[in-house]
Structures are given as C-alpha cells and as structure tokens.
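Before any comments, here is the structure.
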Amino acid sequence: MPESFGSRLSAAMEARGPLCVGIDPHPQLLGSWGLNDDAAGLERFSLTVVEAVASLAAAVKPQVALYERHGSAGMAVLERTLAAAAEAGVLSIADAKRGDIGSTMAAYADAWLRDGSSLAADSVTLSPYLGFESLRPALDLAAEHGRGVFVLALTSNPEGRSVQHVGGGDSVARRIVAAAAAENQRYEEPLGSVGLVVGATIGSALGDLDIDLGPVRGPILAPGLGAQGATPSDLRETFGQAYPMVLATSSRGILAAGPDIAALQAATRETLGGLRG
Ligand SMILES: O=c1ccn([C@@H]2O[C@H](COP(=O)(O)O)[C@@H](O)[C@H]2O)c(=O)[nH]1
C-alpha cells in the first residue's frame with residue numbers, strides 16, 4: 001500500500017507548519033500582477049505561486065473554478081500546476097467541491113484521485129450534500145491510491161449555516177463530522193486521510209452545535225484566514241484542543257503580495273509566524 005495522505009500531510013505540517021497557500025487566480029489579482037486574464041496569465045500566476053511557496057507551505061490549494069472559467073485551456077493549466085506542485089515536492093489540494101450520486105461520483109474520483117489521471121491531486125474537496133455515503137467511490141479510491149479528501153462540514157461563508165446548522169444538537173454538520181471520524185478508523189496514527197473543511201470564521205459554532213473534532217483524527221482544512229477576516233488567534237480560539245489538526249488556508253491574503261517571489265515568500269512566512277504563535 002502507498003503511504004497514506006494523512007501520514008504525508010502530517011509530516012509536511014510538522015516540518016513546515018500548518019499553512020496551505022491557496023492558488024486563486026481571480027481576474028483582479030491577475031490584473032494587479034500585470035497579467036492578462038487568459039490562459040497564459042493563469043499559467044504564469046500559478047507557476048509563480050508554486051515556485052514561491054513550495055518549500056514553505058505544507059500544501060497548495062488551486063481553486064478549480066478559477067481554471068474552469070478559462071475552459072479547456074484553463075484546465076490544461078490546472079493540470080500543469082498540479083504537476084509542478086508534485087515536482088516541487090508540495091502537497092496539492094484540488095478545491096473542486098465535487099459531490100454527486102455514487103455512479104457519477106466514481107467518475108469524479110477517477111479524475112481527481114486515480115494514479116495516471118492528468119488531474120490527479122494529492123487530495124480533493126468534496127461536498128457531502130447528496131449524503132456522506134454517496135462519496136464512497138472517492139473515499140475508497142483515495143485510500144487505495146494514498147490520496148485524501150476534505151469533506152465540507154462547516155463552511156466559512158455565513159450562508160452555510162442555513163444548511164449545516166439544521167438539526168440543532170443533531171445537526172447536519174455534526175453528522176458529517178461523525179461520518180468522517182468513523183471513516184478515519186481505517187487509517188493509522190497520527191492522521192487519517194479523510195479531512196474536513198471547517199471555516200476559520202465560524203466563531204462559536206462548534207460549541208453551539210456540540211461538535212467535538214477530536215475523534216475525527218483527520219486534517220481540518222480551515223479557510224477564512226486573511227481576506228475573509230479571520231486571524232491566527234481566531235483559529236486558536238475556534239478550534240481549541242483540535243488546533244494541532246488544523247491546516248489553515250489563505251489565498252488572497254498572501255497572493256496580493258505578488259508577483260514578486262520574495263514578497264510572496266515574506267507574506268507566507270509572516271502568516272506562518274502567526275499560526276505558530
Ligand atoms: O468554506 C469554504 C470552503 C472553501 N473556501 C475556498 O477557500 C479559498 C479562500 O480564499 P481567500 O482568498 O483566502 O478568502 C477560496 O478558494 C474558497 O473558494 C472557502 O473560502 N470557504
């Protein structure tokens with residue numbers, strides 16, 4: 001069996017710290033970097049970020065939507081970005097938020113998690129709102145190929161509550177957390193390969209919904225740092241004892257420092273400093 005994603009991520013977080021840098025080539029950012037909003041600009045942007053942060057961050061997270069908006073040329077750039085990350089030795093999280101009925105989910109799993117696929121990443125984000133069990137093809141293929149998944153649980157946007165908080169003490173989010181914890185029992189210490197997405201901006205939601213992340217024993221991807229307003233101290237307060245499992249992710253907050261490589265690295269180091277406290 002290949003080494004699990006959880007084990008590889010745990011080693012990367014131990015060596016580099018708990019930061020993932022998001023690669024979000026928004027049109028405005030491309031413009032501020034002096035690049036065109038086209039496939040060539042996208043490629044220059046993405047490869048610059050990989051070059052700048054590959055030795056500093058535990059992972060990079062390309063936002064798939066921002067490649068999709070450029071059609072097939074954009075998806076080809078995403079393929080080359082994922083390959084560049086692998087070549088540079090930094091783990092990748094494809095932020096694709098895939099979810100569908102099982103038979104279609106198997107096709108998504110093939111695209112993002114199967115060895116030999118041109119889009120294969122070290123991990124992919126998944127949406128469980130067709131039922132956690134509908135994700136089975138991805139959960140199993142990830143395990144087989146030493147890859148991982150991050151399942152949406154409590155997202156960083158305020159609208160997420162209207163779905164994820166439903167049920168009070170037996171909330172939708174609590175059930176997703178419990179399902180991820182059960183799934184991680186197939187993995188050895190220290191971290192399983194079934195992670196969750198829990199926003200850095202959720203405030204007191206974990207306590208309000210009586211959710212304990214401890215039993216999950218998987219990585220918690222926490223977006224919301226920087227551009228969405230959350231700070232490293234918010235992360236410590238929000239996650240408490242689960243903080244060692246948290247992989248904070250920041251995109252615009254770091255990318256705004258570009259295109260200069262040294263400036264991107266300084267922004268990455270500064271964010272890491274705050275997270276290490
Ligand atoms: O709950 C979620 C899930 C995913 N995201 C994604 O993370 C980045 C955040 O970008 P910033 O520029 O650091 O705000 C982006 O790709 C989102 O789609 C999230 O924000 N919240």
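Every chain in the structure tokens takes a letter, A first, then B, and so on in the order presented; its residues are numbered from 1, and the ligands are numbered from 1 following the presented order.
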
All residues 9 Å or closer to Ser32 (chain A), only C-alpha atoms, same chain fewer than 3 positions away omitted, as an mmCIF file with N, CA and C atoms, in the first residue's frame:
```
data_model
loop_
_atom_site.group_PDB
_atom_site.id
_atom_site.type_symbol
_atom_site.label_atom_id
_atom_site.label_comp_id
_atom_site.auth_asym_id
_atom_site.auth_seq_id
_atom_site.Cartn_x
_atom_site.Cartn_y
_atom_site.Cartn_z
ATOM 1 N N PRO A 27 -9.541 37.362 -11.671
ATOM 2 C CA PRO A 27 -9.190 38.354 -12.695
ATOM 3 C C PRO A 27 -8.522 39.596 -12.098
ATOM 4 N N GLN A 28 -9.029 40.052 -10.939
ATOM 5 C CA GLN A 28 -8.452 41.261 -10.325
ATOM 6 C C GLN A 28 -7.002 41.035 -9.915
ATOM 7 N N LEU A 29 -6.713 39.825 -9.400
ATOM 8 C CA LEU A 29 -5.334 39.537 -8.982
ATOM 9 C C LEU A 29 -4.417 39.439 -10.196
ATOM 10 N N LEU A 35 -0.796 40.751 -15.367
ATOM 11 C CA LEU A 35 -1.015 39.625 -16.276
ATOM 12 C C LEU A 35 -2.377 39.753 -16.936
ATOM 13 N N ALA A 256 -1.937 38.667 -2.755
ATOM 14 C CA ALA A 256 -1.884 40.112 -3.002
ATOM 15 C C ALA A 256 -0.455 40.637 -2.940
ATOM 16 N N GLY A 258 2.073 39.333 -4.483
ATOM 17 C CA GLY A 258 2.776 39.026 -5.719
ATOM 18 C C GLY A 258 2.785 40.198 -6.683
ATOM 19 N N PRO A 259 3.486 40.048 -7.809
ATOM 20 C CA PRO A 259 4.104 38.830 -8.337
ATOM 21 C C PRO A 259 5.538 38.574 -7.848
#
```

Output as JSON, numbers by chain all residues of region 104-237 of chain A that backbone DSSP marks as strand (DSSP E). {"A": [123, 124, 125, 126, 148, 149, 150, 151, 152, 153, 154, 194, 195, 196, 197, 198, 220, 221, 222, 223]}

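Of the listed residues A:Glu87, A:Glu133, A:Asp140, A:Glu79, the one whose atoms come nearest to Ala120 (chain A) is A:Glu79, with distances taken using only C-alpha atoms.
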
Would you pick out the contacts of Leu272 (chain A) at 8 Å or less, using only C-alpha atoms, so that residues sharing its chain but fewer than 2 positions from it are not included, and give the list as a list of chain:residue names? A:Gly17, A:Pro18, A:Leu19, A:Thr268, A:Arg269, A:Glu270, A:Gly274, A:Leu275, A:Arg276

N, CA and C atoms of the current selection, written as an mmCIF file, in the first residue's frame:
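Written output follows (selection.cif):
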```
data_model
loop_
_atom_site.group_PDB
_atom_site.id
_atom_site.type_symbol
_atom_site.label_atom_id
_atom_site.label_comp_id
_atom_site.auth_asym_id
_atom_site.auth_seq_id
_atom_site.Cartn_x
_atom_site.Cartn_y
_atom_site.Cartn_z
ATOM 1 N N GLY A 17 4.900 23.630 9.077
ATOM 2 C CA GLY A 17 3.888 24.420 9.773
ATOM 3 C C GLY A 17 2.523 24.218 9.145
ATOM 4 N N PRO A 18 1.476 24.738 9.838
ATOM 5 C CA PRO A 18 0.098 24.408 9.458
ATOM 6 C C PRO A 18 -0.518 25.347 8.435
ATOM 7 N N LEU A 19 0.189 25.584 7.318
ATOM 8 C CA LEU A 19 -0.345 26.527 6.324
ATOM 9 C C LEU A 19 -0.433 25.921 4.934
ATOM 10 N N THR A 268 4.048 34.651 3.098
ATOM 11 C CA THR A 268 3.825 33.273 3.560
ATOM 12 C C THR A 268 4.481 33.074 4.929
ATOM 13 N N ARG A 269 5.719 33.550 5.070
ATOM 14 C CA ARG A 269 6.427 33.390 6.359
ATOM 15 C C ARG A 269 5.717 34.155 7.466
ATOM 16 N N GLU A 270 5.211 35.337 7.129
ATOM 17 C CA GLU A 270 4.518 36.132 8.152
ATOM 18 C C GLU A 270 3.254 35.402 8.621
ATOM 19 N N GLY A 274 2.388 33.785 12.485
ATOM 20 C CA GLY A 274 1.174 33.983 13.282
ATOM 21 C C GLY A 274 0.542 32.674 13.682
ATOM 22 N N LEU A 275 0.563 31.705 12.777
ATOM 23 C CA LEU A 275 -0.080 30.413 13.071
ATOM 24 C C LEU A 275 0.714 29.613 14.094
ATOM 25 N N ARG A 276 2.054 29.774 14.058
ATOM 26 C CA ARG A 276 2.878 29.044 15.039
ATOM 27 C C ARG A 276 2.796 29.727 16.390
#
```

Shell of 10 Å around ligand 1 (only C-alpha atoms and all ligand atoms), written as a PyMOL selection string: chain A and resi 20-26+61-66+94-97+125-127+150-158+160+196-202+221-230+248-256

So, counting only C-alpha atoms, which residue among A:Leu47, A:Asp115, A:Gly74, A:Tyr129 is closest to Pro2 (chain A)? A:Asp115

Here is a test: counting only C-alpha atoms, which residue of A:Gly195, A:Gly146, A:Gly240, A:Gly207 is nearest to Phe5 (chain A)?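 When distances to Phe5 (chain A) are compared using only C-alpha atoms, the smallest one comes from A:Gly146.
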
Shell around Thr81 (chain A) at 9 Å using only C-alpha atoms, local window under 5 positions removed, as a list in words: Glu43, Ser46, Leu47, Val50, Pro62, Ala76 and Ala86 of chain A

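Compared by their closest atoms to Ala106 (chain A), and using only C-alpha atoms, the residues A:Leu141, A:Thr238, A:Val60, A:Ser10 rank with A:Leu141 nearest.
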
Between A:Asp122, A:Asp37, A:Asp260, A:Asp212, which residue has the minimum interatomic distance to Ala242 (chain A), considering only C-alpha atoms?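 Smallest separation from Ala242 (chain A) among the options: A:Asp212.
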
Residue neighbourhood Gly99 (chain A), 9 Å, only C-alpha atoms, exclusion window fewer than 3 positions, as JSON, numbers by chain: {"A": [102, 104, 105, 108, 126, 127, 128, 129, 130, 131, 134, 135]}

May I have the selected residues written with N, CA and C atoms, as a CSV table (one decimal), in the first residue's frame?
```csv
chain,number,residue,atom,x,y,z
A,102,GLY,N,-23.6,8.1,-6.5
A,102,GLY,CA,-22.4,7.3,-6.4
A,102,GLY,C,-21.8,7.0,-7.8
A,104,THR,N,-21.8,8.6,-10.6
A,104,THR,CA,-21.1,9.8,-11.1
A,104,THR,C,-19.9,10.2,-10.2
A,105,MET,N,-20.1,9.9,-8.9
A,105,MET,CA,-19.0,10.2,-8.0
A,105,MET,C,-17.8,9.4,-8.4
A,108,TYR,N,-15.9,11.3,-10.9
A,108,TYR,CA,-15.1,12.4,-10.2
A,108,TYR,C,-13.9,11.8,-9.5
A,126,LEU,N,-14.7,17.7,-1.2
A,126,LEU,CA,-15.9,17.1,-1.6
A,126,LEU,C,-17.1,17.7,-0.9
A,127,SER,N,-18.2,17.7,-1.5
A,127,SER,CA,-19.5,18.2,-0.9
A,127,SER,C,-20.4,17.0,-0.6
A,128,PRO,N,-20.8,16.9,0.7
A,128,PRO,CA,-21.5,15.7,1.1
A,128,PRO,C,-23.0,15.8,1.1
A,129,TYR,N,-23.5,16.8,0.4
A,129,TYR,CA,-24.9,17.1,0.5
A,129,TYR,C,-25.8,16.3,-0.4
A,130,LEU,N,-25.3,15.2,-1.0
A,130,LEU,CA,-26.1,14.1,-1.5
A,130,LEU,C,-26.0,12.9,-0.6
A,131,GLY,N,-25.5,13.2,0.6
A,131,GLY,CA,-25.4,12.1,1.6
A,131,GLY,C,-23.9,11.7,1.7
A,134,SER,N,-22.7,8.8,-0.4
A,134,SER,CA,-22.6,8.9,-1.8
A,134,SER,C,-21.1,9.2,-2.2
A,135,LEU,N,-20.3,9.6,-1.3
A,135,LEU,CA,-18.9,9.9,-1.5
A,135,LEU,C,-18.0,8.6,-1.5
```

Interatomic distance between CA of Met1 (chain A) and CA of Glu188 (chain A)?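 Going from CA of Met1 (chain A) over to CA of Glu188 (chain A) covers 12.7 Å.
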
Could you find all residues in region 22-253 of chain A that DSSP calls helix (DSSP H, G or I) from the backbone, and write them as a tab-separated table (two decimals) with C-alpha atoms, in the first residue's frame?
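That gives us part_26.tsv:
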```
chain	number	residue	atom	x	y	z
A	27	PRO	CA	-9.19	38.35	-12.69
A	28	GLN	CA	-8.45	41.26	-10.33
A	29	LEU	CA	-5.33	39.54	-8.98
A	30	LEU	CA	-4.11	38.71	-12.49
A	31	GLY	CA	-4.53	42.40	-13.31
A	32	SER	CA	-2.66	43.58	-10.23
A	39	ALA	CA	-4.59	31.02	-20.07
A	40	ALA	CA	-1.07	32.46	-20.40
A	41	GLY	CA	-1.68	34.81	-17.45
A	42	LEU	CA	-3.18	31.97	-15.45
A	43	GLU	CA	-0.14	29.79	-16.07
A	44	ARG	CA	2.39	32.47	-15.15
A	45	PHE	CA	0.42	33.24	-11.97
A	46	SER	CA	0.05	29.61	-10.90
A	47	LEU	CA	3.63	28.56	-11.57
A	48	THR	CA	4.94	31.66	-9.78
A	49	VAL	CA	2.95	30.78	-6.66
A	50	VAL	CA	4.19	27.19	-6.74
A	51	GLU	CA	7.79	28.35	-7.17
A	52	ALA	CA	7.46	30.85	-4.30
A	53	VAL	CA	5.78	28.70	-1.67
A	65	ALA	CA	-13.43	27.26	-10.56
A	66	LEU	CA	-10.86	29.87	-11.49
A	67	TYR	CA	-9.33	27.48	-14.04
A	68	GLU	CA	-12.71	26.23	-15.31
A	71	GLY	CA	-12.41	26.40	-20.45
A	72	SER	CA	-10.19	23.61	-21.71
A	73	ALA	CA	-7.11	25.89	-21.86
A	74	GLY	CA	-7.63	26.72	-18.18
A	75	MET	CA	-7.99	23.07	-17.21
A	76	ALA	CA	-4.76	22.30	-19.07
A	77	VAL	CA	-3.06	24.99	-16.95
A	78	LEU	CA	-4.50	23.35	-13.84
A	79	GLU	CA	-3.00	20.02	-14.92
A	80	ARG	CA	0.40	21.66	-15.32
A	81	THR	CA	0.02	23.46	-11.98
A	82	LEU	CA	-0.71	20.17	-10.18
A	83	ALA	CA	2.26	18.57	-11.94
A	84	ALA	CA	4.51	21.49	-10.95
A	85	ALA	CA	3.44	21.18	-7.30
A	86	ALA	CA	4.23	17.45	-7.32
A	87	GLU	CA	7.58	18.12	-8.98
A	88	ALA	CA	8.41	20.80	-6.39
A	102	GLY	CA	-22.40	7.25	-6.45
A	103	SER	CA	-22.12	6.25	-10.11
A	104	THR	CA	-21.15	9.79	-11.12
A	105	MET	CA	-19.01	10.19	-8.02
A	106	ALA	CA	-16.92	7.30	-9.30
A	107	ALA	CA	-16.09	9.37	-12.37
A	108	TYR	CA	-15.11	12.38	-10.23
A	109	ALA	CA	-12.93	10.07	-8.14
A	110	ASP	CA	-11.26	8.79	-11.31
A	111	ALA	CA	-10.49	12.33	-12.42
A	112	TRP	CA	-9.05	13.70	-9.17
A	113	LEU	CA	-7.72	10.69	-7.25
A	132	PHE	CA	-21.97	11.23	3.05
A	133	GLU	CA	-22.21	7.67	1.74
A	134	SER	CA	-22.57	8.94	-1.84
A	135	LEU	CA	-18.89	9.89	-1.53
A	136	ARG	CA	-17.92	6.21	-1.13
A	137	PRO	CA	-16.16	5.83	-4.52
A	138	ALA	CA	-13.87	8.76	-3.68
A	139	LEU	CA	-13.27	7.61	-0.10
A	140	ASP	CA	-12.23	4.15	-1.28
A	141	LEU	CA	-10.16	5.26	-4.26
A	142	ALA	CA	-8.33	7.82	-2.10
A	143	ALA	CA	-7.43	5.10	0.40
A	144	GLU	CA	-6.26	2.76	-2.36
A	145	HIS	CA	-4.02	5.38	-4.00
A	158	PRO	CA	-22.37	32.86	6.56
A	159	GLU	CA	-24.99	31.23	4.28
A	160	GLY	CA	-23.61	27.79	5.14
A	161	ARG	CA	-25.48	27.84	8.44
A	162	SER	CA	-28.87	27.58	6.72
A	163	VAL	CA	-27.99	24.00	5.76
A	164	GLN	CA	-25.16	22.89	8.03
A	168	GLY	CA	-29.59	21.68	16.43
A	169	GLY	CA	-27.96	19.11	18.72
A	170	ASP	CA	-28.10	16.54	15.90
A	172	VAL	CA	-26.15	18.12	9.58
A	173	ALA	CA	-22.58	19.26	10.32
A	174	ARG	CA	-22.36	17.03	13.41
A	175	ARG	CA	-23.40	14.00	11.35
A	176	ILE	CA	-20.75	14.77	8.72
A	177	VAL	CA	-18.11	15.10	11.42
A	178	ALA	CA	-19.17	11.75	12.92
A	179	ALA	CA	-19.08	10.06	9.50
A	180	ALA	CA	-15.55	11.36	8.85
A	181	ALA	CA	-14.43	10.11	12.28
A	182	ALA	CA	-15.79	6.64	11.51
A	183	GLU	CA	-14.09	6.64	8.12
A	184	ASN	CA	-10.71	7.52	9.63
A	185	GLN	CA	-10.73	4.36	11.73
A	186	ARG	CA	-9.28	2.55	8.72
A	205	ALA	CA	-20.46	27.09	16.04
A	206	LEU	CA	-18.55	24.01	17.25
A	207	GLY	CA	-19.67	24.62	20.83
A	208	ASP	CA	-23.17	25.73	19.84
A	214	GLY	CA	-11.09	15.36	18.50
A	215	PRO	CA	-12.43	11.94	17.41
A	216	VAL	CA	-12.12	12.88	13.71
A	232	PRO	CA	-4.49	33.22	13.73
A	233	SER	CA	-5.83	33.94	17.23
A	234	ASP	CA	-9.41	33.34	15.96
A	235	LEU	CA	-8.20	29.93	14.75
A	236	ARG	CA	-6.76	29.03	18.15
A	237	GLU	CA	-9.92	30.16	19.91
A	238	THR	CA	-12.30	28.45	17.47
A	239	PHE	CA	-10.52	25.09	17.37
A	240	GLY	CA	-9.13	24.85	20.91
A	241	GLN	CA	-7.69	21.39	21.52
A	242	ALA	CA	-8.23	20.43	17.87
A	243	TYR	CA	-5.81	23.18	16.71
A	244	PRO	CA	-2.94	20.71	16.07
A	245	MET	CA	-5.11	19.07	13.36
A	252	ARG	CA	-5.94	36.41	-1.48
A	253	GLY	CA	-4.26	37.45	1.78
```
